[in-house]
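Source file: work_1.txt; contents: compact mmCIF, C-alpha atoms.
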```
# COMPACT_ATOMS: atom_id res chain seq x y z
CA MET A 82 0.00 0.00 0.00
CA SER A 83 1.58 3.31 -1.02
CA LEU A 84 1.14 6.72 0.47
CA LYS A 85 1.10 9.91 -1.56
CA ALA A 86 1.88 13.28 -0.10
CA LYS A 87 -1.01 15.57 -0.13
CA THR A 88 -0.11 19.01 -1.42
CA GLN A 89 -1.91 22.09 -0.33
CA PRO A 90 -2.96 24.45 -3.10
CA ARG A 91 -0.84 27.75 -3.13
CA LYS A 92 -2.87 30.70 -2.07
CA LYS A 93 -2.99 33.43 -4.58
CA ALA A 94 -2.14 36.97 -3.44
CA LYS A 95 -5.09 39.15 -3.27
CA PRO A 96 -5.19 41.97 -5.74
CA GLY A 97 -3.79 45.30 -4.31
CA ARG A 98 -1.77 43.71 -1.49
CA ARG A 99 1.99 44.70 -1.38
CA PRO A 100 4.81 42.26 -0.63
CA ALA A 101 6.01 42.23 2.98
CA ARG A 102 9.59 43.49 2.15
CA ARG A 103 8.61 46.61 0.22
CA PRO A 104 8.81 48.99 3.27
CA GLN A 105 12.43 47.85 3.99
CA ARG A 106 13.51 48.77 0.48
CA LYS A 107 11.99 52.21 0.95
CA LEU A 108 13.96 52.69 4.17
CA LEU A 109 17.22 51.71 2.46
CA THR A 110 16.53 54.12 -0.38
CA TRP A 111 15.95 56.95 2.09
CA ARG A 112 19.18 56.20 3.93
CA ARG A 113 21.13 56.17 0.71
CA ALA A 114 19.67 59.51 -0.22
CA ARG A 115 20.61 60.99 3.16
CA ILE A 116 24.17 59.61 2.98
CA GLY A 117 24.48 60.86 -0.58
CA GLY A 118 23.35 64.30 0.52
CA MET A 119 25.87 64.34 3.33
CA LEU A 120 28.63 63.28 0.97
CA PHE A 121 27.60 65.93 -1.49
CA ALA A 122 27.62 68.59 1.24
CA ALA A 123 31.04 67.46 2.49
CA THR A 124 32.42 67.45 -1.03
CA ALA A 125 31.02 70.90 -1.64
CA PHE A 126 32.53 72.18 1.63
CA ILE A 127 35.93 70.69 0.92
CA GLY A 128 35.81 72.02 -2.61
CA GLY A 129 34.90 75.45 -1.32
CA VAL A 130 37.74 75.43 1.18
CA SER A 131 40.15 74.26 -1.49
CA TRP A 132 38.96 76.99 -3.82
CA LEU A 133 39.41 79.59 -1.10
CA SER A 134 42.92 78.26 -0.44
CA ILE A 135 43.79 78.32 -4.12
CA ASP A 136 42.29 81.73 -4.46
CA GLY A 137 44.40 82.92 -1.50
CA TRP A 138 41.48 84.02 0.64
CA PHE A 139 42.91 82.57 3.85
CA ASN A 140 46.32 84.04 3.15
CA ARG A 141 44.83 87.44 2.45
CA GLN A 142 42.87 87.32 5.67
CA ALA A 143 45.97 86.29 7.65
CA ASP A 144 48.05 89.01 6.00
CA ALA A 145 45.41 91.60 6.73
CA ALA A 146 45.30 90.56 10.39
CA ALA A 147 49.12 90.65 10.63
CA GLN A 148 49.30 94.08 9.03
CA GLY A 149 46.72 95.36 11.45
CA PHE A 150 48.67 93.96 14.38
CA TYR A 151 51.96 95.47 13.15
CA ALA A 152 50.31 98.84 12.62
CA LEU A 153 49.12 98.77 16.22
CA SER A 154 52.63 97.83 17.40
CA VAL A 155 54.12 100.82 15.59
CA ASP A 156 51.54 103.08 17.22
CA ALA A 157 52.64 101.59 20.54
CA GLY A 158 56.26 102.64 19.91
CA LEU A 159 57.66 99.45 18.34
CA GLY A 160 58.71 100.97 15.04
CA VAL A 161 62.31 101.02 13.76
CA ASP A 162 63.94 104.37 14.43
CA ASP A 163 67.61 103.62 13.79
CA VAL A 164 69.95 100.95 12.38
CA LEU A 165 73.29 100.63 14.17
CA VAL A 166 76.12 99.03 12.16
CA GLU A 167 79.59 98.06 13.43
CA GLY A 168 82.53 96.66 11.48
CA ARG A 169 81.66 98.22 8.14
CA ASN A 170 84.60 99.35 6.03
CA ARG A 171 84.27 98.32 2.39
CA THR A 172 80.55 97.52 2.34
CA GLN A 173 78.40 100.53 1.49
CA ALA A 174 75.91 101.65 4.12
CA ALA A 175 73.16 102.00 1.51
CA ARG A 176 73.76 98.39 0.43
CA ILE A 177 73.35 97.20 4.02
CA LEU A 178 70.08 99.09 4.48
CA GLU A 179 68.79 97.76 1.17
CA THR A 180 69.69 94.21 2.18
CA LEU A 181 68.01 94.57 5.58
CA GLY A 182 64.84 95.86 3.92
CA VAL A 183 63.96 98.22 6.77
CA GLN A 184 63.31 101.93 6.98
CA ARG A 185 62.24 104.32 9.67
CA GLY A 186 58.82 103.35 11.02
CA PHE A 187 59.09 99.70 9.94
CA PRO A 188 57.47 97.38 12.54
CA ILE A 189 60.34 95.97 14.54
CA LEU A 190 58.25 92.89 15.36
CA ALA A 191 58.00 92.13 11.63
CA PHE A 192 61.80 92.25 11.22
CA ASP A 193 63.46 88.80 10.95
CA PRO A 194 67.08 88.95 12.25
CA GLU A 195 68.00 85.45 11.06
CA ALA A 196 66.82 86.09 7.50
CA ALA A 197 68.70 89.42 7.53
CA LYS A 198 71.88 87.66 8.67
CA ILE A 199 71.72 85.21 5.77
CA LYS A 200 71.22 88.03 3.27
CA LEU A 201 74.07 90.11 4.68
CA GLU A 202 76.51 87.21 4.54
CA ALA A 203 75.74 86.87 0.84
CA LEU A 204 77.27 90.33 0.19
CA PRO A 205 80.77 90.19 -1.37
CA TRP A 206 82.77 91.76 1.47
CA VAL A 207 80.79 90.36 4.42
CA LYS A 208 82.36 87.28 5.99
CA THR A 209 80.06 86.97 9.02
CA ALA A 210 77.16 89.02 10.36
CA ALA A 211 75.21 89.24 13.60
CA VAL A 212 71.80 90.93 13.63
CA GLU A 213 69.65 91.79 16.65
CA ARG A 214 66.41 93.56 17.45
CA ARG A 215 67.07 96.01 20.27
CA TYR A 216 63.70 96.96 21.62
CA PRO A 217 61.90 99.15 21.38
CA ARG A 218 63.18 100.91 18.24
CA ASP A 219 66.69 99.85 17.10
CA VAL A 220 68.20 97.22 14.82
CA TYR A 221 71.83 96.34 15.60
CA VAL A 222 74.19 94.87 12.98
CA ARG A 223 77.75 93.74 13.53
CA ILE A 224 79.70 92.51 10.50
CA VAL A 225 83.16 91.09 9.99
CA GLU A 226 84.45 91.91 6.54
CA ARG A 227 86.81 89.89 4.40
CA GLN A 228 90.38 91.16 4.19
CA PRO A 229 91.95 91.00 0.71
CA LEU A 230 95.12 88.93 0.91
CA ALA A 231 96.39 88.27 -2.60
CA LEU A 232 95.57 88.05 -6.29
CA TRP A 233 95.07 84.50 -7.48
CA GLN A 234 95.86 83.59 -11.08
CA HIS A 235 94.23 80.40 -12.29
CA ASN A 236 93.17 79.20 -15.77
CA GLY A 237 93.98 82.58 -17.23
CA ASN A 238 91.80 84.50 -14.77
CA ILE A 239 92.79 86.70 -11.83
CA ALA A 240 90.64 87.03 -8.73
CA VAL A 241 90.96 88.48 -5.23
CA ILE A 242 91.19 86.03 -2.31
CA ASP A 243 90.81 86.73 1.40
CA GLN A 244 92.85 85.62 4.41
CA SER A 245 91.00 82.31 4.53
CA GLY A 246 91.86 81.59 0.91
CA ASP A 247 88.25 82.11 -0.18
CA LEU A 248 87.40 83.89 -3.39
CA ILE A 249 85.85 87.33 -2.86
CA PRO A 250 83.02 87.40 -5.43
CA ASN A 251 82.17 90.32 -7.68
CA VAL A 252 85.38 92.19 -6.84
CA GLN A 253 87.53 93.51 -9.69
CA PRO A 254 91.25 92.75 -9.28
CA GLU A 255 92.26 96.00 -10.98
CA GLY A 256 91.72 97.84 -7.71
CA PHE A 257 94.16 95.60 -5.83
CA THR A 258 97.31 95.63 -7.94
CA GLY A 259 99.41 96.14 -4.80
CA LEU A 260 98.60 92.67 -3.53
CA PRO A 261 101.00 89.75 -4.13
CA LEU A 262 100.23 87.42 -7.00
CA VAL A 263 99.93 83.67 -6.37
CA VAL A 264 99.61 81.00 -9.04
CA GLY A 265 98.40 77.42 -8.81
CA ALA A 266 95.21 75.42 -8.37
CA ASP A 267 95.66 74.96 -4.61
CA ALA A 268 97.51 78.23 -4.01
CA PRO A 269 94.71 80.12 -2.17
CA GLU A 270 94.49 77.74 0.80
CA HIS A 271 98.27 77.95 1.38
CA THR A 272 98.81 81.65 0.67
CA ALA A 273 98.38 82.94 4.24
CA ALA A 274 101.06 80.56 5.57
CA LEU A 275 103.42 81.51 2.74
CA LEU A 276 103.02 85.24 3.34
CA ASP A 277 103.75 84.72 7.03
CA VAL A 278 107.06 83.17 6.02
CA VAL A 279 107.90 85.81 3.41
CA SER A 280 107.06 88.75 5.66
CA SER A 281 109.39 87.42 8.36
CA GLU A 282 112.28 88.90 6.36
CA PRO A 283 111.15 92.43 5.38
CA ARG A 284 114.11 93.23 3.08
CA LEU A 285 113.50 90.13 0.98
CA HIS A 286 109.73 90.56 1.22
CA GLU A 287 109.97 93.82 -0.70
CA LEU A 288 111.57 92.00 -3.63
CA VAL A 289 108.88 89.32 -4.05
CA THR A 290 106.62 89.87 -7.06
CA ALA A 291 104.81 86.51 -7.30
CA ALA A 292 104.62 82.99 -5.90
CA VAL A 293 103.98 79.81 -7.85
CA ARG A 294 102.65 76.66 -6.20
CA VAL A 295 104.60 73.60 -7.44
CA SER A 296 102.97 70.14 -7.53
CA GLY A 297 100.76 71.00 -4.58
CA ARG A 298 103.76 70.63 -2.24
CA ARG A 299 105.96 73.73 -2.21
CA TRP A 300 106.50 77.23 -3.61
CA ASN A 301 108.73 79.02 -6.09
CA LEU A 302 109.08 82.75 -5.42
CA LYS A 303 109.63 85.30 -8.17
CA LEU A 304 111.89 88.19 -7.16
CA GLN A 305 112.59 91.48 -8.86
CA GLY A 306 115.17 91.10 -11.61
CA GLY A 307 113.76 87.74 -12.74
CA ILE A 308 115.23 85.65 -9.93
CA ASP A 309 113.49 82.38 -8.99
CA VAL A 310 113.79 81.20 -5.39
CA GLN A 311 112.91 77.55 -4.93
CA LEU A 312 111.61 76.95 -1.40
CA PRO A 313 111.70 73.45 0.12
CA GLU A 314 108.62 71.39 0.91
CA THR A 315 109.38 71.45 4.63
CA ASP A 316 110.84 74.23 6.79
CA ALA A 317 110.35 76.96 4.23
CA ALA A 318 110.76 79.53 7.01
CA GLY A 319 114.23 78.21 7.88
CA ALA A 320 115.36 78.26 4.25
CA TRP A 321 114.02 81.79 3.79
CA ALA A 322 115.89 82.96 6.89
CA GLN A 323 119.06 81.31 5.55
CA LEU A 324 118.76 83.23 2.28
CA ALA A 325 118.27 86.50 4.19
CA ARG A 326 121.41 85.83 6.23
CA ILE A 327 123.52 85.01 3.15
CA GLU A 328 122.20 88.10 1.39
CA ARG A 329 123.23 90.30 4.32
CA GLU A 330 126.67 88.71 4.50
CA GLN A 331 127.52 88.17 0.81
CA GLY A 332 125.01 90.18 -1.25
CA VAL A 333 124.15 87.14 -3.36
CA LEU A 334 121.20 88.87 -5.05
CA GLU A 335 123.51 91.56 -6.46
CA ARG A 336 125.08 89.01 -8.76
CA ASP A 337 123.72 87.91 -12.11
CA VAL A 338 121.57 85.27 -10.44
CA VAL A 339 118.78 83.35 -12.19
CA VAL A 340 117.86 80.62 -9.68
CA ILE A 341 118.44 80.19 -5.97
CA ASP A 342 117.67 76.64 -4.90
CA LEU A 343 116.87 76.27 -1.20
CA ARG A 344 115.48 72.75 -1.38
CA LEU A 345 118.54 71.06 0.10
CA PRO A 346 118.69 71.41 3.88
CA ASP A 347 122.48 71.81 4.19
CA ARG A 348 123.30 74.07 1.26
CA LEU A 349 122.16 76.88 -1.02
CA VAL A 350 122.61 76.42 -4.77
CA VAL A 351 122.91 79.50 -6.96
CA ARG A 352 122.64 79.39 -10.73
CA THR A 353 123.75 82.41 -12.71
CA ASN A 354 122.87 83.56 -16.20
CA THR A 355 125.21 81.81 -18.63
CA LYS A 356 124.19 84.06 -21.53
CA THR A 357 125.97 87.06 -20.03
CA LYS A 358 129.67 87.45 -19.56
CA PRO A 359 130.56 85.98 -16.19
CA LYS A 360 132.14 88.22 -13.59
CA SER A 361 134.37 85.37 -12.50
CA LYS A 362 134.99 81.74 -13.37
CA ARG A 363 133.26 80.65 -10.16
CA SER A 364 130.09 82.65 -10.70
CA ALA A 365 129.78 81.48 -14.29
CA LYS A 366 129.59 77.84 -13.26
CA GLY A 367 127.42 78.50 -10.23
CA GLU A 368 128.31 78.08 -6.59
CA GLU A 369 127.23 76.20 -3.54
CA THR A 370 127.13 77.78 -0.12
```
Write out the structure in this file as structure tokens.
Amino acid sequence: MSLKAKTQPRKKAKPGRRPARRPQRKLLTWRRARIGGMLFAATAFIGGVSWLSIDGWFNRQADAAAQGFYALSVDAGLGVDDVLVEGRNRTQAARILETLGVQRGFPILAFDPEAAKIKLEALPWVKTAAVERRYPRDVYVRIVERQPLALWQHNGNIAVIDQSGDLIPNVQPEGFTGLPLVVGADAPEHTAALLDVVSSEPRLHELVTAAVRVSGRRWNLKLQGGIDVQLPETDAAGAWAQLARIEREQGVLERDVVVIDLRLPDRLVVRTNTKTKPKSKRSAKGEET
């Protein structure tokens, strides 16, 4: 005997009756609309702020507020009345004032000493600068200027160098023809030490017209009359003093000398001009002292 499942007939939906889930879809649609509106408003706000930033509105408002504040500070007695400068010799006063960017009545609170220091040290003659606001009405500047030391000839050009061996920019060498001339790629950084040696013997110092750096190790000095003095790599001061002593005792530079070689520690080698008639057989061949 078999059993068959009895199926119930499916009830048909009555006309005009909505499905049970239709209200939930409506709620989701409303939420989406609200979220979309919020996103639209946020996008519009961000876009407006970005446009104001690009347009410079915020910056203009900040600048206007700052200008108003500085104007009030000047009325309260915080306006620049004087600029005090110490150490100026070669740098023009007008150039300093132009670089500082201040004038009488300028708000001292708006003055930036650190920025002024950087600008001053970019001037050709200024080595270091110190800038201060001295309340209520003064700006104080103290500068240390570069001291011209020598003329440096390199790659066919001549420039002025200072005591540190640094190039002084935008300075024409024609105004410093009285300075000694040094030649060589690394000559500037060794010039101060050389001039200390040369100046230790004033009578010889007056005869020096130029100095040539040789192989980055030593110097050759050019003296008046076309004499070359070859200094040693070490103890150049001792060799220079030796030449001064021999000159005082024997007058070696009064002879027809072309080269004086001081590179050997125990002797001085003198070479004379063989193209001229020798004063004696000894001087023609050269001598060792």
Excluding Leu302 of chain A and residues on its chain fewer than 2 positions from it, collect all residues at most 8 Å away from it, counting all atoms listed in the file, and give them as a PDB file with C-alpha atoms, in the frame of the given file.
```pdb
ATOM      1  CA  VAL A 289     108.880  89.320  -4.050  1.00  0.00           C
ATOM      2  CA  THR A 290     106.620  89.870  -7.060  1.00  0.00           C
ATOM      3  CA  ALA A 291     104.810  86.510  -7.300  1.00  0.00           C
ATOM      4  CA  ALA A 292     104.620  82.990  -5.900  1.00  0.00           C
ATOM      5  CA  VAL A 293     103.980  79.810  -7.850  1.00  0.00           C
ATOM      6  CA  TRP A 300     106.500  77.230  -3.610  1.00  0.00           C
ATOM      7  CA  LEU A 304     111.890  88.190  -7.160  1.00  0.00           C
ATOM      8  CA  ASP A 309     113.490  82.380  -8.990  1.00  0.00           C
ATOM      9  CA  VAL A 310     113.790  81.200  -5.390  1.00  0.00           C
ATOM     10  CA  GLN A 311     112.910  77.550  -4.930  1.00  0.00           C
ATOM     11  CA  LEU A 312     111.610  76.950  -1.400  1.00  0.00           C
TER      12      LEU A 312
END
```
- segment 192-201 of chain A: which residues within 12 Å, counting all atoms listed in the file, same-chain residues fewer than 6 positions away excluded, as a VMD selection string? chain A and resid 151 159 to 161 164 166 169 172 to 174 176 to 184 186 207 to 216 218 to 226
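Computed from the coordinates, the atom CA of Leu232 of chain A to atom CA of Glu328 of chain A distance equals 27.7 Å.
Take atom CA of Arg336 of chain A and atom CA of Gln323 of chain A: the distance between them is 17.3 Å.
Coordinates place atom CA of Glu314 of chain A at a distance of 4.7 Å from atom CA of Arg299 of chain A.
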Shell around Asp337 of chain A at 8 Å using all atoms listed in the file, local window under 3 positions removed, as number ranges by chain: A: 334, 353-354
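In this comparison, which uses only C-alpha atoms, the residue of A:Ile189, A:Ala203, A:Ile327, A:Val339 approaching Gly158 of chain A most closely is A:Ile189.
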Surrounding residues of Glu255 of chain A excluding itself and chain neighbours under 2 positions, 10 Å, only C-alpha atoms, as a ChimeraX atom specification = /A:232,239-241,252-253,257-259
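Each of A:Gln228, A:Leu204, A:Glu282, A:Val295 was compared to Pro250 of chain A using all atoms listed in the file, and A:Leu204 turns out to be the nearest.
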Closest of A:Leu324, A:Asp267, A:Val338, A:Ser281 to Gly306 of chain A, counting only C-alpha atoms, is A:Val338
